[in-house]
Every structure is written in structure tokens, then in C-alpha cells.
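Structure first, then comments.
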Amino acid sequence: MFADGKRTNGKRHDFYCKAFTLIEALVVIAIIAVILAIVFPVFAWVREKGRTAVCISHMKQLGNAFRMYVQDYDGYFPHAINILAEGRGMWVALSPPCTFAYLPGRCHYLPEQGTLYPYVKNPAVYVCPSDPYAAETRLSYAMNVDLGADRIDVHESMITKPAQTVILVETPYNRTFHSPAFSATFLGASPDAAIPCHYEEERCVEVGDLVLCFTPVACYHNDASNVLFVDGHAKTFPRGMLKAGFFRIRQ
């Protein structure tokens, strides 16, 4: 008989199977939940670091394209926006009838028709993998409007500190007004003013009878934003570290 045990050499050995109690099972589940709560954010952080590197690479490729354009056009930058010329001559083109902003259902970005595209030849470079709206807009970046707009042509000799002057920033999607140009400088704004992230409250300045607010940048990269400078290098700025003074051509 082996129902209650097993006899070997005349000796009886009993086997007992002890099950987990409910409390023990709950403790194990709680420990696993704590471990997952610790590990998952780490995985997300590491994944975003990888996307940040891809975005930085795209920005550097666009930086090379800007430099080649400037060399071919006697030192002048393309226009960030060109309303007076009906959208012609912009670094990224817009489909008619729009000349200054992306409007869902009416007009779209056309990187292939922008003045910079002959030096890029890859529309995927214009988007950042961390941008949740990249597939829709086909553009994750905006050009510093102080480097050229409408009838204002900027020559590279006018920029006093190329390594500290922003040419491209990451911008969040805005259904009301999403532009290929970015402005962070206006009369009354301190050069030390921090540019806000897209999820922060507005930061505004009173200028006479006007209240002017800074346009936010996209902080998709673990509360940080990638920026491309005129000299071609790209850098990741943590929240609150990107200053308005970086967008001025004369510093």
C-alpha cells in the first residue's frame, strides 16, 4: 500500500504535500507587482534613450543639409516661413492653400518639395520616432524663424555664435496652429527665460498692453528636448534648460 507512504527495507516513509496559503500567495503576487513597477519604467527609459539617439541622428543629417544649402546659396539660409511668396522658398513646403501652418484636412507638409530636400533625399529624416503625430504630420521639427522669414534673408556672417544659435527644435502637435517655423524671441523677453515643455503651463511676458507667451517645445525624451545648432551639432536639453537667448542670431 502506497496511499499514505512507501515502505523501503521494512521502513515506512511518509510524504506530505503542503500547499500555499492565501496570505503567502498574496505576498508573492505583491512582490512580483513591486518588481514589475520598478522594472517597467526602466525599460521605458532605456527605450526612449534609443529613440533620442535616432532623433539626434536625424537632426544631424538635417544639419548637414542646411550647411550644404548655405554653401550653395552664397551663405544664406532657407526661409523658415514665407507667407509673402505663397509658401515658396521654405525649408519644408506646405500644400496649397496654406502658406504658414499645417491644418488637418486642408493642407499638409510636403518635405519633398521644400528647399532643403535635395540635400536630404529621405522624408523619414524629418520625423522623430518619439513624436506620436509623426505619421500624420510628417514633420517633428521647426526652424528658428530668426534665421529667415518672408523678405528677411539671413547670411551666416550675421550669426555671432553659431555653436549657441538654434536652427531646429522639436515641436509638439497643435491642431490650431502647427507651423514649420519657431519663434522664441520677442521684445521684452529675457534671453535667460526658459522655453516651456509642451505639457507645462504657459509662460508669458507683459509687453506694454500685450501679453506674449512663449511657444513650447516638445519634451518627449524623458522630460527633455533635442535641439540642432547652426554649427551642425545637436544636443538634448532637460526641461527648463533651453533658453530664449539661444534663438537670437546676435548674442
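Here's how to read the names in the C-alpha cells: chain A, B, ... by the order shown, residue numbers from 1 in each chain, ligand numbers from 1 in the order shown.
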
- request: Quick one: pick out all alpha helix (DSSP H) residues within stretch 31-87 of chain A from a backbone DSSP run and write them as number ranges by chain.
  value: A: 31-72

message: When DSSP is applied to the backbone of this structure, which of stretch 32-244 of chain A are assigned strand (DSSP E)? Write them out as an MDAnalysis selection string.
response: chainID A and resid 93:94 109:110 141:144 148:149 152:153 166:170 181:182 204:207 210:213 224:229 234:238

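In this structure, atom CA of A:Glu86 sits 14.2 Å away from atom CA of A:Leu110.
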
message: Taking only C-alpha atoms into account, name the residue in A:Arg138, A:Cys219, A:Val166, A:Val227 that is nearest to A:Asn122.
response: A:Arg138

I'd like the contact shell of A:Asn64 - 12 Å cut-off, only C-alpha atoms, skipping same-chain residues fewer than 2 positions apart - returned as a tab-separated table (two decimals) with C-alpha atoms, in the first residue's frame.
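Once everything was written out, this is part30.tsv:
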```tsv
chain	number	residue	atom	x	y	z
A	57	SER	CA	20.92	61.40	-35.76
A	58	HIS	CA	18.08	62.78	-37.89
A	59	MET	CA	18.79	66.29	-36.67
A	60	LYS	CA	22.47	65.99	-37.55
A	61	GLN	CA	21.56	64.85	-41.06
A	62	LEU	CA	19.34	67.89	-41.42
A	66	PHE	CA	21.49	73.12	-44.02
A	67	ARG	CA	25.25	73.57	-44.32
A	68	MET	CA	25.28	72.36	-47.93
A	69	TYR	CA	22.36	74.64	-48.76
A	70	VAL	CA	24.15	77.64	-47.22
A	71	GLN	CA	27.29	76.84	-49.22
A	116	LEU	CA	16.22	71.57	-48.15
A	117	TYR	CA	15.08	68.23	-49.59
A	118	PRO	CA	17.63	67.98	-52.47
A	119	TYR	CA	20.28	67.73	-49.76
A	120	VAL	CA	18.30	65.24	-47.62
A	125	VAL	CA	14.71	62.19	-41.57
A	167	ILE	CA	18.33	76.27	-36.07
A	228	LEU	CA	20.09	71.45	-33.52
A	229	PHE	CA	22.51	74.35	-33.67
A	230	VAL	CA	23.77	76.31	-36.66
A	231	ASP	CA	27.24	74.76	-36.49
A	232	GLY	CA	25.67	71.31	-37.02
A	233	HIS	CA	25.88	69.78	-33.54
A	234	ALA	CA	22.75	68.52	-31.76
```

task: Mind checking which residues fall within 12 Å of A:Arg106, counting only C-alpha atoms, ignoring those fewer than 6 positions away in the same chain, and posting them as a ChimeraX atom specification?
output: /A:94-99,175
